[in-house]
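**Q** One file is attached below, my_file-v8.cif, containing mmCIF, C-alpha atoms.
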data_structure
#
loop_
_atom_site.label_atom_id
_atom_site.label_comp_id
_atom_site.auth_asym_id
_atom_site.auth_seq_id
_atom_site.Cartn_x
_atom_site.Cartn_y
_atom_site.Cartn_z
CA MET A 9 163.12 93.06 8.25
CA LYS A 10 162.07 95.22 11.16
CA GLN A 11 161.74 93.09 14.30
CA ASN A 12 158.78 94.80 16.01
CA ILE A 13 156.15 95.74 13.47
CA THR A 14 153.62 98.24 14.83
CA MET A 15 150.17 99.36 13.75
CA ARG A 16 151.80 102.64 12.65
CA ASP A 17 154.02 100.67 10.23
CA ILE A 18 150.96 98.97 8.72
CA ALA A 19 149.05 102.28 8.54
CA ASP A 20 151.94 104.03 6.78
CA LYS A 21 152.28 101.26 4.24
CA LEU A 22 148.57 101.28 3.35
CA GLY A 23 147.96 105.01 3.71
CA VAL A 24 145.31 104.67 6.41
CA SER A 25 145.09 105.75 10.03
CA THR A 26 146.29 103.68 12.98
CA VAL A 27 142.72 103.80 14.28
CA THR A 28 141.53 102.07 11.10
CA VAL A 29 144.29 99.45 11.43
CA SER A 30 143.35 98.83 15.07
CA LYS A 31 139.66 98.41 14.22
CA ALA A 32 140.47 95.96 11.41
CA ILE A 33 142.88 93.82 13.41
CA ASN A 34 140.57 93.74 16.43
CA ASP A 35 137.46 93.01 14.31
CA LYS A 36 135.74 96.19 15.42
CA ASP A 37 132.96 97.92 13.48
CA GLY A 38 133.71 100.85 11.20
CA VAL A 39 135.89 99.14 8.59
CA GLY A 40 134.66 97.64 5.32
CA ASP A 41 135.22 93.95 4.66
CA ASP A 42 137.60 94.51 1.74
CA LEU A 43 139.75 96.99 3.65
CA ARG A 44 139.72 94.79 6.76
CA ARG A 45 140.96 91.85 4.71
CA LYS A 46 143.63 94.02 3.05
CA ILE A 47 144.87 95.28 6.43
CA LYS A 48 144.99 91.78 7.92
CA GLU A 49 146.87 90.44 4.90
CA ALA A 50 149.39 93.27 5.15
CA ALA A 51 149.80 92.68 8.89
CA SER A 52 150.45 89.00 8.27
CA ASP A 53 152.88 89.66 5.41
CA MET A 54 154.80 92.20 7.52
CA GLY A 55 155.08 89.79 10.46
CA TYR A 56 152.87 91.78 12.85
CA ARG A 57 152.17 90.01 16.14
CA MET A 58 149.95 91.53 18.79
CA ASN A 59 151.15 91.37 22.39
CA ALA A 60 148.77 88.70 23.62
CA ALA A 61 149.21 89.51 27.31
CA ALA A 62 148.53 93.20 26.81
CA LYS A 63 145.52 92.48 24.60
CA SER A 64 144.15 90.04 27.17
CA MET A 65 144.47 92.55 30.02
CA LYS A 66 142.86 95.28 27.93
CA ASP A 67 139.85 93.26 26.76
CA GLY A 68 139.38 90.96 29.74
CA LEU A 69 139.63 87.92 27.47
CA SER A 70 142.03 84.98 27.47
CA TYR A 71 142.14 84.69 23.66
CA ASN A 72 141.92 80.93 24.08
CA ILE A 73 139.20 78.67 22.70
CA GLY A 74 138.58 75.28 24.31
CA VAL A 75 138.12 72.32 21.97
CA ILE A 76 136.35 69.43 23.70
CA ILE A 77 136.65 65.99 22.09
CA PRO A 78 134.79 63.00 23.59
CA GLU A 79 137.19 60.21 24.56
CA ARG A 80 135.46 57.66 22.31
CA PHE A 81 136.54 59.67 19.25
CA THR A 82 140.24 59.61 20.19
CA GLY A 83 142.97 56.97 20.38
CA VAL A 84 145.63 55.51 18.14
CA THR A 85 143.13 54.58 15.41
CA GLN A 86 141.10 57.80 15.59
CA ALA A 87 143.10 60.41 13.66
CA PHE A 88 140.13 62.20 12.08
CA TYR A 89 139.39 64.60 14.94
CA MET A 90 143.08 65.24 15.54
CA GLN A 91 143.27 66.48 11.95
CA PHE A 92 140.19 68.59 12.64
CA TYR A 93 141.88 70.11 15.70
CA GLN A 94 144.91 71.09 13.61
CA ALA A 95 142.62 72.81 11.08
CA LEU A 96 140.82 74.60 13.92
CA THR A 97 144.00 75.96 15.49
CA LYS A 98 145.17 77.21 12.09
CA SER A 99 141.92 79.14 11.71
CA MET A 100 142.10 80.42 15.30
CA ASP A 101 145.54 81.87 14.67
CA GLU A 102 144.06 84.15 12.02
CA TYR A 103 141.90 85.73 14.74
CA GLY A 104 144.72 85.95 17.29
CA TYR A 105 143.33 83.02 19.28
CA SER A 106 144.91 79.79 20.51
CA GLY A 107 143.25 76.42 21.02
CA ILE A 108 143.28 74.37 24.22
CA MET A 109 142.21 70.79 23.64
CA GLN A 110 140.63 68.69 26.36
CA ILE A 111 139.64 65.05 25.94
CA LEU A 112 136.39 64.47 27.81
CA SER A 113 136.50 61.07 29.47
CA MET A 114 133.47 58.80 29.31
CA ASP A 115 133.22 58.95 33.11
CA ASP A 116 133.17 62.76 33.13
CA GLU A 117 130.58 62.75 30.38
CA GLU A 118 128.33 60.34 32.25
CA GLN A 119 128.81 62.18 35.56
CA LEU A 120 128.20 65.57 33.91
CA ALA A 121 131.55 66.96 35.06
CA LEU A 122 132.38 70.26 33.37
CA PRO A 123 135.82 70.51 31.70
CA ARG A 124 138.73 71.65 33.84
CA VAL A 125 139.52 74.53 31.44
CA TYR A 126 135.99 75.84 32.02
CA LEU A 127 136.27 75.66 35.80
CA GLU A 128 139.67 77.38 35.70
CA LYS A 129 138.33 80.09 33.34
CA LYS A 130 141.15 79.55 30.86
CA VAL A 131 139.06 79.99 27.71
CA ASP A 132 136.54 82.46 26.28
CA GLY A 133 134.34 79.83 24.60
CA PHE A 134 134.22 76.24 23.42
CA ILE A 135 134.00 74.25 20.21
CA ILE A 136 132.65 70.78 20.97
CA LEU A 137 134.10 68.45 18.35
CA GLY A 138 132.08 65.23 18.16
CA GLN A 139 128.69 64.37 19.58
CA LEU A 140 128.21 64.27 23.36
CA ASN A 141 125.22 62.77 25.12
CA ARG A 142 122.13 64.96 25.37
CA ASP A 143 122.31 65.50 29.15
CA TYR A 144 125.86 66.80 28.87
CA THR A 145 125.16 69.22 26.02
CA ASP A 146 122.06 70.53 27.82
CA MET A 147 124.10 71.09 30.99
CA PHE A 148 126.84 72.89 29.06
CA LEU A 149 124.32 75.12 27.28
CA ARG A 150 122.82 76.15 30.63
CA THR A 151 126.19 77.63 31.70
CA GLY A 152 125.73 80.41 29.16
CA THR A 153 129.28 79.90 27.87
CA PRO A 154 129.72 80.65 24.14
CA LEU A 155 129.48 77.26 22.40
CA VAL A 156 129.66 75.92 18.87
CA PHE A 157 128.99 72.28 18.00
CA LEU A 158 131.19 70.86 15.24
CA ASP A 159 130.32 67.72 13.27
CA PHE A 160 126.97 67.25 15.02
CA TYR A 161 123.82 69.11 16.02
CA THR A 162 120.86 68.72 18.37
CA ASP A 163 117.12 69.28 17.99
CA GLN A 164 117.51 72.86 19.27
CA PRO A 165 117.53 74.97 16.08
CA ASP A 166 119.05 78.08 17.70
CA VAL A 167 122.20 76.26 18.89
CA ASP A 168 125.15 77.06 16.61
CA SER A 169 126.43 74.01 14.75
CA VAL A 170 128.70 73.33 11.78
CA ILE A 171 128.21 70.04 9.98
CA THR A 172 129.19 68.41 6.73
CA ASP A 173 126.35 67.74 4.32
CA ASN A 174 125.83 64.19 5.56
CA PHE A 175 122.40 63.71 4.01
CA TYR A 176 123.17 64.67 0.43
CA GLY A 177 126.70 63.28 0.59
CA VAL A 178 125.40 59.73 1.11
CA TYR A 179 122.36 60.36 -1.09
CA ASP A 180 124.72 61.13 -4.00
CA LEU A 181 126.98 58.20 -3.07
CA THR A 182 124.04 55.75 -3.07
CA ASN A 183 122.77 57.16 -6.36
CA HIS A 184 126.25 56.47 -7.78
CA LEU A 185 125.97 52.80 -6.76
CA ILE A 186 122.50 52.52 -8.27
CA LYS A 187 123.68 54.05 -11.56
CA LEU A 188 126.32 51.32 -11.67
CA GLY A 189 123.61 48.66 -11.47
CA HIS A 190 123.51 47.90 -7.73
CA ARG A 191 120.10 47.14 -6.25
CA ASP A 192 120.98 45.10 -3.15
CA ILE A 193 122.60 47.80 -1.01
CA ALA A 194 123.07 47.61 2.77
CA PHE A 195 123.83 50.44 5.21
CA VAL A 196 126.38 49.94 8.01
CA GLY A 197 126.02 52.15 11.08
CA ASN A 198 124.24 52.61 14.40
CA ILE A 199 121.68 55.29 13.52
CA GLN A 200 121.10 56.02 17.23
CA ALA A 201 124.77 56.88 17.83
CA THR A 202 125.13 60.36 16.30
CA SER A 203 123.16 62.89 14.27
CA SER A 204 125.72 62.47 11.47
CA ILE A 205 125.16 58.73 11.12
CA LEU A 206 121.38 59.17 11.17
CA ASP A 207 121.53 61.85 8.46
CA ARG A 208 123.78 59.63 6.34
CA TYR A 209 121.31 56.77 6.69
CA LEU A 210 118.42 59.05 5.71
CA GLY A 211 120.33 60.11 2.58
CA TYR A 212 120.87 56.45 1.70
CA TYR A 213 117.21 55.65 2.39
CA LYS A 214 115.93 58.53 0.25
CA SER A 215 117.97 57.25 -2.67
CA ILE A 216 116.74 53.67 -2.51
CA LEU A 217 113.12 54.80 -1.99
CA GLU A 218 113.26 57.03 -5.05
CA HIS A 219 114.47 54.09 -7.12
CA GLY A 220 111.81 51.71 -5.79
CA ILE A 221 114.36 49.46 -4.10
CA ARG A 222 113.22 47.30 -1.20
CA MET A 223 115.41 47.28 1.91
CA PRO A 224 115.34 44.03 3.94
CA ASP A 225 115.46 44.52 7.71
CA ASP A 226 118.92 42.99 7.99
CA TYR A 227 120.32 45.50 5.49
CA LEU A 228 120.54 48.05 8.32
CA ILE A 229 123.66 46.71 10.04
CA ASN A 230 124.79 47.87 13.49
CA ASP A 231 128.48 48.70 13.91
CA ARG A 232 128.82 49.95 17.51
CA ASP A 233 127.31 49.73 20.99
CA ASP A 234 125.68 52.49 23.05
CA LYS A 235 129.09 53.71 24.26
CA GLY A 236 130.40 54.07 20.71
CA GLN A 237 132.64 50.98 20.84
CA TYR A 238 132.79 48.98 17.61
CA ILE A 239 131.13 45.57 17.63
CA GLU A 240 131.38 42.60 15.26
CA ILE A 241 129.45 43.24 12.05
CA ALA A 242 126.71 40.70 11.31
CA LEU A 243 126.61 40.04 7.58
CA PRO A 244 123.11 39.68 6.09
CA SER A 245 121.90 36.73 4.05
CA PRO A 246 121.64 36.85 1.12
CA MET A 247 124.63 39.14 0.76
CA PRO A 248 124.18 42.60 -0.79
CA THR A 249 126.24 43.62 -3.79
CA ALA A 250 127.22 46.87 -2.07
CA PHE A 251 127.67 48.28 1.44
CA VAL A 252 127.31 51.96 2.31
CA CYS A 253 129.35 52.52 5.48
CA ASN A 254 128.82 55.50 7.77
CA GLY A 255 132.58 56.17 7.93
CA ASP A 256 135.88 55.10 6.41
CA GLN A 257 137.10 53.38 9.56
CA ILE A 258 134.15 51.00 9.71
CA ALA A 259 134.48 50.47 5.95
CA TYR A 260 138.12 49.48 6.51
CA HIS A 261 137.04 46.93 9.17
CA LEU A 262 134.27 45.62 6.93
CA VAL A 263 136.57 45.13 3.93
CA SER A 264 139.09 43.32 6.15
CA MET A 265 136.36 41.03 7.48
CA LEU A 266 134.95 40.34 4.01
CA GLN A 267 138.39 39.42 2.72
CA ARG A 268 139.01 37.08 5.68
CA LYS A 269 135.75 35.33 4.82
CA GLY A 270 136.77 34.87 1.20
CA PHE A 271 134.81 37.72 -0.42
CA ARG A 272 136.61 39.89 -2.96
CA VAL A 273 136.20 43.68 -2.98
CA PRO A 274 134.93 44.97 -5.35
CA GLU A 275 134.44 41.82 -7.45
CA ASP A 276 131.96 40.22 -5.00
CA CYS A 277 130.96 43.24 -2.89
CA SER A 278 131.42 46.97 -3.40
CA VAL A 279 132.10 49.09 -0.32
CA VAL A 280 131.92 52.89 0.11
CA GLY A 281 132.74 55.06 3.10
CA PHE A 282 132.57 58.64 4.36
CA ASP A 283 135.19 61.20 5.56
CA ASN A 284 138.15 60.48 3.25
CA ASP A 285 140.41 59.99 6.26
CA ILE A 286 143.51 57.81 6.56
CA PHE A 287 141.43 54.60 6.49
CA ALA A 288 140.23 55.41 2.95
CA THR A 289 143.74 54.79 1.62
CA LEU A 290 144.72 52.10 4.13
CA THR A 291 141.87 49.99 2.77
CA GLN A 292 142.85 47.75 -0.14
CA PRO A 293 141.47 48.54 -2.61
CA ASN A 294 141.29 52.23 -1.69
CA LEU A 295 137.79 53.42 -0.82
CA THR A 296 135.33 55.41 -2.82
CA THR A 297 134.14 57.87 -0.19
CA VAL A 298 132.83 61.35 0.57
CA GLU A 299 135.53 63.85 1.47
CA VAL A 300 134.67 66.18 4.34
CA ASN A 301 135.71 69.79 3.71
CA MET A 302 137.60 70.08 6.97
CA PRO A 303 139.24 73.49 6.32
CA GLU A 304 135.95 75.21 5.48
CA MET A 305 134.12 73.60 8.41
CA SER A 306 136.91 74.72 10.74
CA LYS A 307 136.86 78.28 9.40
CA ALA A 308 133.09 78.46 9.86
CA ALA A 309 133.23 77.09 13.43
CA VAL A 310 136.03 79.46 14.49
CA SER A 311 134.34 82.46 12.89
CA MET A 312 131.16 81.58 14.79
CA ILE A 313 132.80 81.15 18.19
CA VAL A 314 134.87 84.34 17.90
CA ARG A 315 131.76 86.31 17.04
CA LYS A 316 129.80 84.70 19.88
CA VAL A 317 132.53 85.65 22.37
CA LYS A 318 132.17 89.28 21.30
CA HIS A 319 128.39 89.20 20.77
CA PRO A 320 126.91 86.47 23.02
CA ASN A 321 123.36 86.98 21.74
CA VAL A 322 124.26 86.41 18.09
CA SER A 323 122.92 83.10 16.73
CA HIS A 324 123.95 81.46 13.48
CA GLY A 325 121.97 78.21 13.77
CA ARG A 326 123.07 75.21 11.73
CA VAL A 327 125.55 75.65 8.91
CA SER A 328 126.13 72.80 6.45
CA ILE A 329 129.33 72.56 4.38
CA LYS A 330 129.22 70.45 1.23
CA GLY A 331 131.77 67.67 0.69
CA LYS A 332 132.62 65.80 -2.51
CA ILE A 333 132.78 62.20 -3.69
CA VAL A 334 136.27 60.77 -4.21
CA TYR A 335 136.12 57.87 -6.65
CA ARG A 336 138.53 54.98 -6.09
CA GLY A 337 138.72 51.24 -6.62
CA SER A 338 136.27 49.78 -4.07
CA VAL A 339 133.22 49.91 -6.35
CA LYS A 340 132.40 47.64 -9.28
CA SER A 341 129.95 48.41 -12.06
CA LEU A 342 127.35 45.67 -12.50
CA ILE A 343 125.95 47.05 -15.74
CA GLN A 344 128.11 44.93 -18.08
CA SER A 345 127.55 41.76 -16.07
CA MET A 346 123.77 42.36 -16.16
CA ASN A 347 123.69 42.56 -19.97
#
Kindly return the structure encoded in the file as C-alpha cells.

**A**
Amino acid sequence: MKQNITMRDIADKLGVSTVTVSKAINDKDGVGDDLRRKIKEAASDMGYRMNAAAKSMKDGLSYNIGVIIPERFTGVTQAFYMQFYQALTKSMDEYGYSGIMQILSMDDEEQLALPRVYLEKKVDGFIILGQLNRDYTDMFLRTGTPLVFLDFYTDQPDVDSVITDNFYGVYDLTNHLIKLGHRDIAFVGNIQATSSILDRYLGYYKSILEHGIRMPDDYLINDRDDKGQYIEIALPSPMPTAFVCNGDQIAYHLVSMLQRKGFRVPEDCSVVGFDNDIFATLTQPNLTTVEVNMPEMSKAAVSMIVRKVKHPNVSHGRVSIKGKIVYRGSVKSLIQSMN
C-alpha cells in the first residue's frame, strides 16, 4: 500500500477533481451529501491522513475539542462518562478532530474558574459532559466559545444540547411494571440534582397518574446530597413492590442494601435502573434498565460542535436520542400471584 495517500490519489480513484475531494474532506459547501460520504469512505479505506499541523496553520484552528466532565461524575466507580468520552473521541476522529478531556474539580466549579485548556486556547470548542451548576454554565456561555451540552440541558432553548429520551424511557419502564401488576412503585433519585433525573421522575409520574395510582410522599426517595454525593437510602413504610431508580449505580446500591436487610430481589421487591452501564450486570440479579444510545448521542454532539466551530451562529437547540429497554431478571410479575 502506498505510504502517503494524497487527495490526487482519492480523486483519481473516484473520477472526481482534487477540488471536490478537498471540499468533501474539509466539510466545505459545494459537494452533495452522498458524494461527500463516498469520498470520506474512500479516504478512510485508502488510509488518507491529513497533515494536522499544516491544516491547523491554514485554518487557524487547533482541531481539538475540549470535553469537560464534572469531578462528581468521575472516579473508580463512575465508568459511564469515561465510556462516553471514548465514543466522543471515535466520532471526533471522523472529522479530523482530537479530544482533550479535563475533569472540572468541585472547587473550580464553585469558584467559577474557567478550564485551563480554554485559557491556554488549546481547543476550538467544548462539549460539557454532565450537568454543571447554573452559574458555571451561564459564565461559560458568556465567553462566546462554541459549546454543546451532553446528557443535560438548561432552560435556555437556544443552547445546543444532546440528551437521551429520559422522560419516555422511564415512562415506558414504569408502564412495564404496571402491566406486570405493580401498583406500589417508588422513585429513587434527587430530582433537584440534574435535568436528567427530573425528566426521568416526570416520566415515572406521568405513568402512575395515567393509571390512577396514588404516590405516597415517602415514595419519592432521595439518593444524593446537593454536591452529588450518594447518601443512605431511606426505605419507605409500607414497602413498595417495585423501585424505579434514576440510574443503574444507585439501583446496584439499593439492591445490595435490600439484600442486606433480608429482602429478595425480585421476589419481594422489583428494581429497575437507567443507563445499562456496568452496574446493570454487576447487580445480582442483573437489572432491567433503559440502555442509553451512547454512539448516536456522541455522533450528534460532535456533529453539532464541529458545525458550531465553523458557523458560530448556527443553533440546533435540544436533540433527544431514544434509548431502549433491556429486560433482565430484576423484575417479577405480580399478575399470577394476584389471581

**Q** Using only C-alpha atoms for the distances, tell me which of A:Glu49, A:Asp132, A:Asp17, A:Asp163 is nearest to Arg315 (chain A).

**A**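 Of the candidates, the smallest distance to Arg315 (chain A) is held by A:Asp132.
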
**Q** Between CA of Thr249 (chain A) and CA of Asp192 (chain A), measure the distance and give it in Å to one decimal.

**A**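 Taking CA of Thr249 (chain A) and CA of Asp192 (chain A), their separation equals 5.5 Å.
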
**Q** Set out as a tab-separated table a contact list for region 59-171 of chain A and region 231-234 of chain A with a cut-off of 12 Å, giving each residue of region 59-171 of chain A that qualifies its closest atom pair and distance in Å to one decimal, counting only C-alpha atoms, ordered by chain and rising residue number.

**A**
residue	atom	partner	partner_atom	distance
A:Arg80	CA	A:Asp234	CA	11.1
A:Met114	CA	A:Asp234	CA	11.8
A:Asn141	CA	A:Asp234	CA	10.5

**Q** For Lys129 (chain A), which residue among A:Gln200, A:Ser70, A:Asn254, A:Ser341 is the nearest when counting only C-alpha atoms?

**A**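 The shortest atom-to-atom distance to Lys129 (chain A) comes from A:Ser70.
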
**Q** Expanded to explicit residues, what is the PyMOL selection byres ((chain A and resi 264-273) around 9) for this file, as a PyMOL selection string?

**A** chain A and resi 241+259-263+274-279+291-293+337-340

**Q** Might you spell out which residues the PyMOL selection byres ((chain A and resi 255) around 7) would select in the displayed file, as a VMD selection string?

**A** chain A and resid 253 to 254 256 to 259 281 to 283

**Q** What is the distance, in Å and to one decimal place, between CA of Gly211 (chain A) and CA of Tyr176 (chain A)?

**A** 5.8 Å

**Q** Compare A:Ile47, A:Ala194, A:Val314, A:Leu112 by their minimum atom-to-atom distance to Asp20 (chain A), counting all atoms listed in the file, and give me the closest one.

**A**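 Distance minimum relative to Asp20 (chain A) lands on A:Ile47.
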
**Q** Which residues are close to Ile33 (chain A), i.e. within 12 Å by all atoms listed in the file, leaving aside same-chain residues fewer than 3 positions away? Reply as a count of residues only.

**A** 31

**Q** In Å, how far is it from CA of Thr182 (chain A) to CA of Val196 (chain A)?

**A**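 A separation of 12.7 Å between them.
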
**Q** Specify as a PyMOL selection string each residue included when the PyMOL selection byres ((chain A and resi 298-307) around 10) is applied to this file.

**A** chain A and resi 88-89+91-100+102+135+158-159+169-174+177-178+180-181+255-256+280-285+288+295-297+308-312+327-335

**Q** Name the closest residue to Ile229 (chain A) among the candidates A:Ser215, A:Val252, A:Asp207, A:His319; distances are taken between atoms, counting only C-alpha atoms.

**A**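 Closest residue, counting only C-alpha atoms: A:Val252.
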
**Q** Please tell me which residues are no farther than 10 Å from (118.8, 43.9, 1.3) in the file, counting all atoms listed in the file, and write them as an mmCIF file with C-alpha atoms, in the frame of the given file.

**A**
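Okay, this is what ended up in point09.cif:
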data_model
loop_
_atom_site.group_PDB
_atom_site.id
_atom_site.type_symbol
_atom_site.label_atom_id
_atom_site.label_comp_id
_atom_site.auth_asym_id
_atom_site.auth_seq_id
_atom_site.Cartn_x
_atom_site.Cartn_y
_atom_site.Cartn_z
ATOM 1 C CA ARG A 191 120.100 47.140 -6.250
ATOM 2 C CA ASP A 192 120.980 45.100 -3.150
ATOM 3 C CA ILE A 193 122.600 47.800 -1.010
ATOM 4 C CA ALA A 194 123.070 47.610 2.770
ATOM 5 C CA PHE A 195 123.830 50.440 5.210
ATOM 6 C CA ILE A 221 114.360 49.460 -4.100
ATOM 7 C CA ARG A 222 113.220 47.300 -1.200
ATOM 8 C CA MET A 223 115.410 47.280 1.910
ATOM 9 C CA PRO A 224 115.340 44.030 3.940
ATOM 10 C CA ASP A 225 115.460 44.520 7.710
ATOM 11 C CA ASP A 226 118.920 42.990 7.990
ATOM 12 C CA TYR A 227 120.320 45.500 5.490
ATOM 13 C CA LEU A 228 120.540 48.050 8.320
ATOM 14 C CA PRO A 244 123.110 39.680 6.090
ATOM 15 C CA SER A 245 121.900 36.730 4.050
ATOM 16 C CA PRO A 246 121.640 36.850 1.120
ATOM 17 C CA MET A 247 124.630 39.140 0.760
ATOM 18 C CA PRO A 248 124.180 42.600 -0.790
ATOM 19 C CA THR A 249 126.240 43.620 -3.790
ATOM 20 C CA ALA A 250 127.220 46.870 -2.070
ATOM 21 C CA PHE A 251 127.670 48.280 1.440
#

**Q** Can you pull out every residue within 10 Å of region 143-147 of chain A, counting all atoms listed in the file, but drop anything in the same chain fewer than 3 positions away, and send it as a ChimeraX atom specification?

**A** /A:116-122,136,139-140,150-152,155,157,162,164

**Q** Padding 4 Å on every side, please: axis-aligned box over the listed atoms of region 27-44 of chain A, centre and edge lengths to one decimal in Å, as AutoDock Vina command-line options.

**A**
--center_x 138.6 --center_y 98.4 --center_z 9.1 --size_x 19.3 --size_y 18.8 --size_z 22.7

**Q** With distances taken over all atoms listed in the file, which residue among A:Ile313, A:Ile239, A:Leu290, A:Leu149 lies nearest Gly107 (chain A)?

**A**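 For Gly107 (chain A), the nearest of the given residues is A:Ile313.
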